[in-house]
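Below is work-v9.tsv, which holds TSV, C-alpha atoms.
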chain	number	residue	atom	x	y	z
A	4	MET	CA	66.96	157.43	115.56
A	5	ARG	CA	68.99	158.13	118.71
A	6	VAL	CA	66.18	156.77	120.86
A	7	ARG	CA	66.17	153.49	118.87
A	8	LEU	CA	69.93	153.19	119.19
A	9	LEU	CA	69.70	153.78	122.94
A	10	LEU	CA	66.95	151.16	123.21
A	11	ALA	CA	69.04	148.61	121.29
A	12	VAL	CA	72.08	149.25	123.52
A	13	THR	CA	69.94	148.92	126.67
A	14	VAL	CA	68.43	145.59	125.51
A	15	ALA	CA	71.87	144.22	124.58
A	16	ALA	CA	73.25	145.24	127.99
A	17	ALA	CA	70.31	143.56	129.74
A	18	PHE	CA	70.95	140.30	127.83
A	19	ALA	CA	74.68	140.46	128.67
A	20	ASN	CA	73.91	141.01	132.37
A	21	ALA	CA	71.45	138.10	132.40
A	22	ALA	CA	74.01	135.79	130.74
A	23	CYS	CA	76.65	136.86	133.25
A	24	ALA	CA	74.30	136.21	136.16
A	25	ALA	CA	73.40	132.78	134.77
A	26	ARG	CA	77.08	131.87	134.44
A	27	SER	CA	77.81	132.94	138.01
A	28	LEU	CA	74.94	130.79	139.32
A	29	ALA	CA	75.98	127.81	137.24
A	30	SER	CA	79.62	127.86	138.33
A	31	PRO	CA	79.86	128.70	142.03
A	32	GLN	CA	83.40	129.34	143.25
A	33	ALA	CA	84.79	127.83	146.43
A	34	ALA	CA	87.97	126.76	148.12
A	35	THR	CA	89.20	125.55	151.49
A	36	VAL	CA	92.02	127.27	153.34
A	37	VAL	CA	93.68	125.87	156.43
A	38	THR	CA	94.18	128.76	158.88
A	39	GLY	CA	95.35	129.01	162.47
A	40	GLY	CA	91.78	128.93	163.75
A	41	GLY	CA	90.71	125.95	161.67
A	42	VAL	CA	89.75	125.24	158.10
A	43	ARG	CA	87.91	127.99	156.25
A	44	PHE	CA	85.28	126.60	153.90
A	45	VAL	CA	83.76	129.01	151.39
A	46	LEU	CA	81.18	128.68	148.66
A	47	MET	CA	79.92	131.33	146.26
A	48	ARG	CA	76.20	130.80	145.82
A	49	ALA	CA	74.43	134.13	145.63
A	50	ASP	CA	71.13	132.40	144.85
A	51	ALA	CA	71.12	130.11	147.93
A	52	ARG	CA	68.81	130.61	150.90
A	53	SER	CA	71.03	128.45	153.13
A	54	VAL	CA	74.33	126.56	152.83
A	55	SER	CA	75.73	124.09	155.32
A	56	LEU	CA	78.80	121.93	155.56
A	57	ALA	CA	78.48	118.17	155.97
A	58	GLY	CA	81.39	115.81	156.24
A	59	SER	CA	83.19	112.94	157.89
A	60	PHE	CA	83.93	115.25	160.87
A	61	ASN	CA	80.26	115.92	161.76
A	62	GLN	CA	78.64	112.57	160.89
A	63	TRP	CA	77.44	114.14	157.62
A	64	SER	CA	74.95	116.29	159.46
A	65	ALA	CA	73.33	118.79	157.12
A	66	ALA	CA	72.36	121.04	160.03
A	67	SER	CA	75.25	121.29	162.46
A	68	HIS	CA	77.61	123.56	160.47
A	69	PRO	CA	75.67	126.33	158.70
A	70	LEU	CA	77.72	128.78	156.64
A	71	ILE	CA	77.29	132.53	157.09
A	72	ARG	CA	76.45	134.61	154.04
A	73	ARG	CA	78.43	137.73	153.25
A	74	LYS	CA	75.85	140.30	152.23
A	75	GLU	CA	77.73	142.16	149.54
A	76	ASP	CA	78.50	139.28	147.19
A	77	GLY	CA	76.71	136.13	148.33
A	78	LEU	CA	79.87	134.34	149.51
A	79	TRP	CA	79.10	131.76	152.20
A	80	ALA	CA	81.83	130.89	154.70
A	81	ILE	CA	82.58	129.04	157.93
A	82	VAL	CA	85.75	128.26	159.89
A	83	VAL	CA	85.79	124.80	161.46
A	84	PRO	CA	88.54	123.55	163.81
A	85	LEU	CA	89.50	120.07	162.57
A	86	PRO	CA	92.01	117.54	163.92
A	87	PRO	CA	95.01	116.57	161.78
A	88	GLY	CA	94.17	114.08	159.07
A	89	GLU	CA	92.14	113.72	155.94
A	90	HIS	CA	88.52	114.87	155.98
A	91	THR	CA	85.86	114.49	153.29
A	92	PHE	CA	82.97	116.91	152.84
A	93	MET	CA	80.21	118.30	150.66
A	94	TYR	CA	78.00	121.39	150.82
A	95	VAL	CA	74.23	121.21	151.32
A	96	VAL	CA	72.41	124.06	149.60
A	97	ASN	CA	68.89	125.00	150.69
A	98	GLY	CA	68.76	121.96	152.96
A	99	THR	CA	68.40	119.39	150.20
A	100	GLU	CA	70.86	119.94	147.35
A	101	TRP	CA	74.17	118.13	147.99
A	102	ILE	CA	76.96	119.61	145.91
A	103	SER	CA	80.61	118.67	145.51
A	104	PRO	CA	82.90	121.57	146.38
A	105	PRO	CA	83.85	123.30	143.12
A	106	MET	CA	87.45	123.80	144.30
A	107	ALA	CA	88.89	121.41	146.87
A	108	GLU	CA	92.40	120.24	147.67
A	109	ASP	CA	91.48	116.84	146.33
A	110	TYR	CA	88.43	114.74	145.52
A	111	VAL	CA	87.36	111.18	146.24
A	112	ASP	CA	84.46	109.09	144.95
A	113	ASP	CA	81.74	108.81	147.58
A	114	GLY	CA	80.65	105.39	146.28
A	115	PHE	CA	77.19	106.74	145.46
A	116	GLY	CA	78.04	108.43	142.16
A	117	ALA	CA	79.26	111.79	143.46
A	118	LYS	CA	82.61	113.27	144.52
A	119	ASN	CA	83.43	114.32	148.06
A	120	GLY	CA	85.91	117.13	148.53
A	121	VAL	CA	89.02	116.29	150.55
A	122	VAL	CA	90.80	118.62	152.94
A	123	VAL	CA	94.05	117.56	154.61
A	124	VAL	CA	94.97	119.09	157.95
A	125	ARG	CA	98.68	118.62	158.60
A	126	ARG	CA	100.25	118.44	162.04
B	17	MET	CA	20.36	101.91	139.68
B	18	THR	CA	20.66	104.92	137.40
B	19	ASP	CA	23.82	105.66	135.37
B	20	LEU	CA	24.70	108.45	137.77
B	21	GLY	CA	24.24	106.15	140.76
B	22	ARG	CA	26.42	103.45	139.21
B	23	ARG	CA	29.14	106.01	138.38
B	24	MET	CA	29.12	107.41	141.92
B	25	ALA	CA	29.33	103.90	143.39
B	26	SER	CA	32.27	103.13	141.07
B	27	TRP	CA	34.12	106.31	142.17
B	28	TRP	CA	33.43	105.43	145.81
B	29	PHE	CA	34.88	101.92	145.44
B	30	ALA	CA	37.87	103.21	143.43
B	31	GLY	CA	38.59	105.79	146.12
B	32	LYS	CA	38.25	103.15	148.82
B	33	ARG	CA	40.68	100.81	147.00
B	34	ALA	CA	43.23	103.65	146.67
B	35	ALA	CA	42.85	104.48	150.36
B	36	VAL	CA	43.37	100.82	151.34
B	37	LEU	CA	46.46	100.58	149.06
B	38	ALA	CA	47.91	103.79	150.52
B	39	ALA	CA	47.31	102.49	154.04
B	40	VAL	CA	49.14	99.22	153.19
B	41	VAL	CA	52.11	101.10	151.67
B	42	MET	CA	52.24	103.47	154.63
B	43	ALA	CA	52.08	100.58	157.04
B	44	ALA	CA	54.77	98.71	155.07
B	45	ALA	CA	57.10	101.71	154.69
B	46	PRO	CA	58.42	101.70	158.28
B	47	ALA	CA	58.90	97.94	158.02
B	48	VAL	CA	60.95	98.39	154.82
B	49	ALA	CA	62.98	101.16	156.49
B	50	GLN	CA	63.51	98.98	159.57
B	51	ASP	CA	64.67	96.06	157.36
B	52	ALA	CA	67.12	98.35	155.56
B	53	ASP	CA	68.45	99.78	158.82
B	54	ALA	CA	68.78	96.28	160.25
B	55	ALA	CA	70.72	95.13	157.16
B	56	LEU	CA	73.11	98.08	157.48
B	57	THR	CA	73.60	97.50	161.19
B	58	ARG	CA	74.21	93.79	160.49
B	59	VAL	CA	77.11	94.59	158.12
B	60	ALA	CA	78.79	96.74	160.79
B	61	ASP	CA	78.15	94.09	163.48
B	62	GLU	CA	79.65	91.34	161.30
B	63	ALA	CA	82.76	93.46	160.76
B	64	ALA	CA	83.05	94.13	164.50
B	65	ALA	CA	82.75	90.39	165.21
B	66	LYS	CA	85.76	89.81	162.91
B	67	GLY	CA	87.78	92.38	164.83
B	68	LEU	CA	87.72	94.88	161.97
B	69	PRO	CA	87.46	98.64	162.52
B	70	THR	CA	83.83	99.71	162.08
B	71	ALA	CA	84.20	103.51	162.11
B	72	PRO	CA	84.54	103.77	158.29
B	73	LEU	CA	81.43	101.61	157.85
B	74	THR	CA	79.22	103.56	160.25
B	75	ASN	CA	80.50	106.81	158.75
B	76	LYS	CA	79.60	105.63	155.23
B	77	ILE	CA	76.15	104.50	156.41
B	78	ARG	CA	75.53	107.93	157.97
B	79	GLU	CA	76.81	109.62	154.80
B	80	GLY	CA	74.53	107.57	152.57
B	81	LEU	CA	71.46	108.09	154.74
B	82	ALA	CA	72.16	111.85	155.01
B	83	LYS	CA	72.44	112.09	151.22
B	84	GLY	CA	69.16	110.24	150.78
B	85	ILE	CA	70.72	107.22	149.06
B	86	ASP	CA	68.65	104.03	148.72
B	87	PRO	CA	69.58	101.83	151.72
B	88	ARG	CA	70.08	98.84	149.40
B	89	ARG	CA	72.76	100.80	147.53
B	90	ILE	CA	74.34	101.84	150.83
B	91	GLU	CA	74.41	98.19	151.89
B	92	GLN	CA	76.25	97.22	148.65
B	93	VAL	CA	78.85	99.93	149.20
B	94	VAL	CA	79.32	99.09	152.87
B	95	ARG	CA	79.59	95.35	152.17
B	96	GLN	CA	82.36	96.06	149.63
B	97	MET	CA	84.11	98.26	152.21
B	98	SER	CA	83.81	95.45	154.75
B	99	THR	CA	85.40	93.00	152.29
B	100	ASN	CA	88.24	95.48	151.68
B	101	LEU	CA	88.76	95.88	155.43
B	102	GLU	CA	89.01	92.10	155.80
B	103	THR	CA	91.58	91.84	152.98
B	104	ALA	CA	93.51	94.80	154.40
B	105	ASP	CA	93.53	93.18	157.84
B	106	ARG	CA	95.03	90.02	156.32
B	107	LEU	CA	97.70	92.03	154.48
B	108	ILE	CA	98.62	94.00	157.59
B	109	LYS	CA	99.00	90.75	159.53
B	110	GLU	CA	101.43	89.57	156.79
B	111	VAL	CA	103.48	92.75	157.22
B	112	ASP	CA	103.49	92.85	161.01
B	113	PRO	CA	101.81	89.92	162.78
B	114	ALA	CA	102.63	91.44	166.17
B	115	ALA	CA	101.11	94.86	165.46
B	116	THR	CA	98.89	95.76	168.39
B	117	ASN	CA	97.03	98.79	167.01
B	118	ARG	CA	96.06	97.73	163.52
B	119	ASP	CA	92.98	99.90	162.99
B	120	ALA	CA	94.63	102.92	161.34
B	121	PRO	CA	96.77	100.94	158.84
B	122	VAL	CA	93.88	98.58	158.09
B	123	VAL	CA	91.60	101.53	157.28
B	124	LEU	CA	94.26	103.19	155.08
B	125	MET	CA	94.97	99.98	153.21
B	126	ALA	CA	91.27	99.24	152.77
B	127	GLU	CA	90.85	102.70	151.24
B	128	SER	CA	93.62	101.96	148.76
B	129	LEU	CA	91.98	98.63	147.85
B	130	GLY	CA	88.69	100.49	147.40
B	131	SER	CA	90.42	102.87	144.99
B	132	GLY	CA	91.57	100.02	142.77
B	133	VAL	CA	94.97	98.99	144.10
B	134	THR	CA	95.29	95.19	144.00
B	135	VAL	CA	96.67	92.80	146.58
B	136	GLU	CA	99.46	91.86	144.16
B	137	GLN	CA	100.45	95.51	143.73
B	138	ILE	CA	100.62	95.96	147.50
B	139	ARG	CA	102.78	92.84	147.84
B	140	GLU	CA	105.07	94.13	145.06
B	141	LEU	CA	105.26	97.52	146.79
B	142	ARG	CA	106.22	95.79	150.02
B	143	ARG	CA	108.88	93.70	148.25
B	144	LEU	CA	110.45	96.75	146.57
B	145	ALA	CA	110.36	98.79	149.79
B	146	GLN	CA	111.96	96.06	151.92
B	147	PRO	CA	115.09	97.41	153.60
B	148	PRO	CA	118.29	95.70	152.38
B	149	SER	CA	119.40	94.63	155.84
B	150	ALA	CA	117.94	91.27	156.81
B	151	GLY	CA	115.78	91.18	159.88
B	152	THR	CA	114.58	94.77	159.54
B	153	ARG	CA	110.83	94.84	159.42
B	154	MET	CA	108.72	97.59	157.89
B	155	SER	CA	105.94	98.97	160.02
B	156	ALA	CA	102.32	98.29	159.10
B	157	ASP	CA	101.68	102.05	159.09
B	158	THR	CA	104.40	102.67	156.51
B	159	VAL	CA	103.21	99.97	154.12
B	160	ALA	CA	99.58	101.10	154.45
B	161	THR	CA	100.54	104.72	153.82
B	162	ALA	CA	102.58	103.78	150.77
B	163	ALA	CA	99.61	101.75	149.47
B	164	LYS	CA	97.36	104.76	149.99
B	165	GLY	CA	99.91	106.94	148.16
B	166	LEU	CA	99.96	104.43	145.31
B	167	SER	CA	96.15	104.57	145.11
B	168	LEU	CA	96.25	108.39	144.85
B	169	VAL	CA	98.66	108.15	141.92
B	170	GLU	CA	96.80	105.25	140.32
B	171	GLU	CA	93.54	107.19	140.35
B	172	VAL	CA	94.97	109.56	137.72
B	173	ARG	CA	96.07	106.52	135.68
B	174	LEU	CA	99.82	107.05	135.73
B	175	PRO	CA	101.82	103.86	135.06
B	176	VAL	CA	101.58	101.46	138.01
B	177	PRO	CA	105.12	99.94	137.97
B	178	GLU	CA	106.84	103.35	137.98
B	179	SER	CA	104.42	104.73	140.60
B	180	THR	CA	105.01	101.65	142.79
B	181	ALA	CA	108.78	102.14	142.47
B	182	VAL	CA	108.50	105.80	143.54
B	183	MET	CA	106.41	104.95	146.60
B	184	ALA	CA	108.71	102.04	147.53
B	185	GLU	CA	111.79	104.27	147.23
B	186	ALA	CA	110.17	106.88	149.49
B	187	VAL	CA	109.59	104.17	152.11
B	188	LYS	CA	113.19	102.94	151.76
B	189	GLN	CA	114.52	106.46	152.25
B	190	GLY	CA	112.56	106.80	155.48
B	191	TYR	CA	109.96	109.33	154.37
B	192	ARG	CA	107.37	109.98	157.07
B	193	SER	CA	103.74	108.98	156.43
B	194	SER	CA	102.68	112.59	155.80
B	195	GLU	CA	105.62	113.03	153.39
B	196	ILE	CA	104.66	109.92	151.43
B	197	LEU	CA	101.07	111.15	151.06
B	198	ASP	CA	102.20	114.68	150.13
B	199	LEU	CA	104.55	113.18	147.53
B	200	ALA	CA	101.66	111.18	146.04
B	201	ARG	CA	99.40	114.26	145.97
B	202	GLU	CA	102.11	116.34	144.31
B	203	ILE	CA	102.56	113.69	141.60
B	204	ARG	CA	98.79	113.69	141.15
B	205	ARG	CA	98.70	117.48	140.83
B	206	ARG	CA	101.43	117.30	138.19
B	207	GLU	CA	99.70	114.48	136.36
B	208	MET	CA	99.83	116.30	133.03
B	209	ASP	CA	103.60	116.81	133.32
B	210	TYR	CA	104.16	113.10	133.84
B	211	ARG	CA	101.68	112.14	131.17
B	212	SER	CA	103.17	114.49	128.58
B	213	GLY	CA	106.76	113.51	129.35
B	214	ARG	CA	107.76	116.90	130.77
B	215	ALA	CA	108.57	115.05	133.98
B	216	SER	CA	109.38	111.41	134.61
B	217	LEU	CA	108.50	109.08	137.46
B	218	THR	CA	111.77	107.19	136.93
B	219	ALA	CA	113.76	110.42	137.34
B	220	LEU	CA	111.73	111.20	140.45
B	221	ARG	CA	112.49	107.77	141.93
B	222	ASP	CA	116.22	108.26	141.17
B	223	ALA	CA	116.14	111.65	142.91
B	224	ILE	CA	114.55	110.08	146.00
B	225	ALA	CA	117.14	107.26	145.89
B	226	ARG	CA	119.91	109.92	145.81
B	227	GLY	CA	118.63	111.14	149.14
B	228	ASN	CA	116.57	114.15	148.07
B	229	ARG	CA	114.01	115.07	150.71
B	230	PRO	CA	110.39	115.86	149.76
B	231	GLU	CA	110.93	119.63	149.92
B	232	GLN	CA	113.79	119.30	147.41
B	233	LEU	CA	111.87	117.29	144.83
B	234	PHE	CA	109.43	119.84	143.47
B	235	ARG	CA	111.27	123.12	143.71
B	236	ASP	CA	110.02	124.76	140.56
B	237	ARG	CA	112.66	126.69	138.61
B	238	GLN	CA	115.38	125.57	141.04
B	239	SER	CA	114.98	121.98	140.00
B	240	THR	CA	118.04	119.86	139.32
B	241	ALA	CA	116.54	118.67	136.04
B	242	VAL	CA	114.35	116.17	137.87
B	243	GLU	CA	111.23	118.22	137.44
B	244	ARG	CA	110.18	121.07	135.28
B	245	PRO	CA	107.72	123.77	136.31
B	246	ALA	CA	104.23	122.45	136.78
B	247	ALA	CA	101.68	122.63	134.04
B	248	THR	CA	99.18	125.44	134.13
B	249	THR	CA	96.40	123.04	135.14
B	250	GLU	CA	97.45	123.20	138.80
B	251	ARG	CA	94.73	124.51	141.05
B	252	PRO	CA	95.44	127.52	143.23
B	253	GLN	CA	95.85	126.69	146.92
B	254	THR	CA	94.12	129.83	148.08
B	255	PRO	CA	90.92	131.38	146.85
B	256	VAL	CA	91.49	134.06	144.29
B	257	GLU	CA	90.37	137.38	145.67
B	258	ARG	CA	88.71	139.32	142.93
B	259	PRO	CA	88.37	143.08	143.16
B	260	ALA	CA	84.83	144.25	143.66
B	261	ARG	CA	83.15	145.35	140.50
B	262	PRO	CA	82.92	149.17	140.42
B	263	GLU	CA	79.52	150.72	140.63
B	264	ARG	CA	77.94	151.06	137.24
B	265	PRO	CA	77.44	154.77	136.46
B	266	VAL	CA	73.83	155.81	136.28
B	267	ARG	CA	72.93	156.53	132.72
B	268	PRO	CA	71.13	159.85	132.38
B	269	GLU	CA	67.61	159.62	131.10
B	270	PRO	CA	67.44	160.58	127.44
B	271	VAL	CA	65.79	163.94	127.09
B	272	SER	CA	63.95	164.38	123.84
B	273	PRO	CA	63.84	167.94	122.61
B	274	GLU	CA	60.54	169.67	122.97
B	275	ARG	CA	58.74	169.86	119.68
B	276	PRO	CA	57.37	173.21	118.81
B	277	ALA	CA	53.59	173.33	118.94
B	278	ARG	CA	51.96	173.24	115.58

Just give me the structure as structure tokens.
Amino acid sequence: MRVRLLLAVTVAAAFANAACAARSLASPQAATVVTGGGVRFVLMRADARSVSLAGSFNQWSAASHPLIRRKEDGLWAIVVPLPPGEHTFMYVVNGTEWISPPMAEDYVDDGFGAKNGVVVVRR
Amino acid sequence: MTDLGRRMASWWFAGKRAAVLAAVVMAAAPAVAQDADAALTRVADEAAAKGLPTAPLTNKIREGLAKGIDPRRIEQVVRQMSTNLETADRLIKEVDPAATNRDAPVVLMAESLGSGVTVEQIRELRRLAQPPSAGTRMSADTVATAAKGLSLVEEVRLPVPESTAVMAEAVKQGYRSSEILDLAREIRRREMDYRSGRASLTALRDAIARGNRPEQLFRDRQSTAVERPAATTERPQTPVERPARPERPVRPEPVSPERPAR
């Protein structure tokens, strides 16, 4: 009887863990923070093999600004020095998947059916 | 010829036709790509010939190509941007015919046109923002920034006349360009407050007209009844640091009691 109960609890916990993992993959967290050294771009994508930053400041290159992955939690980050003004950007996951930043200061239509994130660097 | 021979000959011809078709498509593909590239380059060249700034166009072309968008779609978008730049250039010339460096205001105003602000709304904004003293001329930068601010507010569908009045009042009170844009973004962030009636654009315009500076307009909890605290929908400015999840304790293996041997 106790063994069955233990088995049921273990199975339920496994399902709960799987659901939690699925939620965390489906809703990656990110934000931009303007710091003294530049703008810090972060994206939580534990499942990604690579993440890079593409935007109006690097001719939308999907290769020039790769983010570095923090081992413990799968948070990807990069600090980019940007001139004052308004900059638009997106993240490129695994080299092909263009995603709008989940949390940006503002958003703007890219004209192609997606939203670019906006970061404003003040003087 | 036997059935098998006929079937093999048929497969051979079918395979040969497919190979020829593939070769034609492969040969045509670079030509199609070259045509598309040429069309995109032509749009930027035409804009340059009219004296319009081309940086936004080339940037959008690069963005579209990087994202793998169909070049025909990119061309549509870039042509619309080019039209907006032309209209913006005309409007900036109306504001300040002698302006030497028009690129920045033209780009800003074109962006606002691209976001849905109309020429009539920009002219109304300019009329409302006109300084009372005759002979004083507004700068092209100021009008373009106010138009951009109006577009930011309009995107969240707040009422246009009240939004126009707020932007015009900010211009009249000498707000700097960055202050006008910050004001517009703050209104946008508090969209729900304005929509629900917890805050009012008319009250905000009156506060600006009374001489309140941007930093005095949105002081939550210290407000002079112009604004109430923002709704809870406001996004945090900094990423929320979450504490690391503690290690899950290792569950001891269940030990079943030894059964006595029968």

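Closest approach to chain A among B:Asp112, B:Glu127, B:Glu140, B:Asp209: B:Glu127, based on all atoms listed in the file.
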
Show me which bits of chain A are within 9 Å of chain B, counting all atoms listed in the file, as a PyMOL selection string.
chain A and resi 6+9+32-36+45+57-59+62-65+76+99-101+106-109+111-115+125-126

Contacts of range 48-54 of chain A at 6 Å or less, counting all atoms listed in the file, minus same-chain residues fewer than 4 places along, as a PyMOL selection string?
chain A and resi 31+70+77+95-97

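Put simply, CA of Tyr94 in chain A is 4.8 Å away from CA of Leu56 in chain A.
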
From the set B:Ser179, B:Thr103, B:Thr218, B:Thr134, which residue has the shortest atom-to-atom contact distance to Leu68 in chain B, counting only C-alpha atoms?
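Of the candidates, the smallest distance to Leu68 in chain B is held by B:Thr103.
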
Expressed in Å to a single decimal, how great is the separation between CA of Tyr110 in chain A and CA of Glu170 in chain B?
13.7 Å

Atom pair CA of Ile203 in chain B / CA of Ile108 in chain B: separation (Å)
25.7 Å

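Take the candidates B:Ala160, B:Leu141, B:Val111, B:Ala225 and check each one against Ala126 in chain B using all atoms listed in the file; the shortest distance goes to B:Ala160.
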
Residues within 8 Å of range 78-85 of chain A, please, as an MDAnalysis selection string. Count all atoms listed in the file; anything in the same chain fewer than 2 positions from it doesn't count.
chainID A and resid 40:49 54 60 68:74 76 87 124

Contacts of Glu185 in chain B within 8 Å, all atoms listed in the file, excl. fewer than 5 positions in-chain, as a list in words:
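Those residues are Leu144, Ala145, Arg221, Ile224 and Ala225 of chain B.
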
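All polymer residues at most 10 Å from (104.6, 102.3, 160.2), using all atoms listed in the file, appear as Asp112, Ala115, Pro121, Arg153, Met154, Ser155, Ala156, Asp157, Thr158, Val159, Ala160, Thr161, Ala162, Val187, Arg192 and Ser193 of chain B.
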
For range 65-85 of chain B, supply N, CA and C atoms and report the output as a CSV table (one decimal), in the coordinates of the input.
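Output contents, as saved in out13.csv:
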chain,number,residue,atom,x,y,z
B,65,ALA,N,82.5,91.8,164.7
B,65,ALA,CA,82.8,90.4,165.2
B,65,ALA,C,84.1,89.8,164.7
B,66,LYS,N,84.5,90.3,163.5
B,66,LYS,CA,85.8,89.8,162.9
B,66,LYS,C,86.9,90.6,163.4
B,67,GLY,N,86.7,91.6,164.3
B,67,GLY,CA,87.8,92.4,164.8
B,67,GLY,C,88.2,93.5,163.9
B,68,LEU,N,87.4,93.8,162.9
B,68,LEU,CA,87.7,94.9,162.0
B,68,LEU,C,87.2,96.2,162.5
B,69,PRO,N,87.9,97.3,162.1
B,69,PRO,CA,87.5,98.6,162.5
B,69,PRO,C,86.1,99.0,161.9
B,70,THR,N,85.2,99.5,162.6
B,70,THR,CA,83.8,99.7,162.1
B,70,THR,C,83.6,101.2,161.8
B,71,ALA,N,84.4,102.1,162.3
B,71,ALA,CA,84.2,103.5,162.1
B,71,ALA,C,84.0,103.9,160.6
B,72,PRO,N,84.8,103.4,159.7
B,72,PRO,CA,84.5,103.8,158.3
B,72,PRO,C,83.2,103.3,157.8
B,73,LEU,N,82.7,102.1,158.3
B,73,LEU,CA,81.4,101.6,157.8
B,73,LEU,C,80.3,102.5,158.4
B,74,THR,N,80.3,102.8,159.7
B,74,THR,CA,79.2,103.6,160.2
B,74,THR,C,79.2,105.0,159.7
B,75,ASN,N,80.4,105.5,159.4
B,75,ASN,CA,80.5,106.8,158.8
B,75,ASN,C,79.9,106.8,157.3
B,76,LYS,N,80.2,105.7,156.6
B,76,LYS,CA,79.6,105.6,155.2
B,76,LYS,C,78.1,105.4,155.3
B,77,ILE,N,77.6,104.7,156.3
B,77,ILE,CA,76.2,104.5,156.4
B,77,ILE,C,75.5,105.9,156.7
B,78,ARG,N,76.1,106.6,157.6
B,78,ARG,CA,75.5,107.9,158.0
B,78,ARG,C,75.6,108.8,156.8
B,79,GLU,N,76.7,108.8,156.0
B,79,GLU,CA,76.8,109.6,154.8
B,79,GLU,C,75.7,109.3,153.8
B,80,GLY,N,75.5,108.0,153.6
B,80,GLY,CA,74.5,107.6,152.6
B,80,GLY,C,73.1,108.0,153.0
B,81,LEU,N,72.8,107.7,154.3
B,81,LEU,CA,71.5,108.1,154.7
B,81,LEU,C,71.2,109.6,154.7
B,82,ALA,N,72.3,110.4,155.0
B,82,ALA,CA,72.2,111.8,155.0
B,82,ALA,C,71.9,112.3,153.6
B,83,LYS,N,72.6,111.7,152.6
B,83,LYS,CA,72.4,112.1,151.2
B,83,LYS,C,71.2,111.5,150.6
B,84,GLY,N,70.4,110.8,151.3
B,84,GLY,CA,69.2,110.2,150.8
B,84,GLY,C,69.3,109.1,149.8
B,85,ILE,N,70.4,108.3,150.0
B,85,ILE,CA,70.7,107.2,149.1
B,85,ILE,C,69.8,106.0,149.5
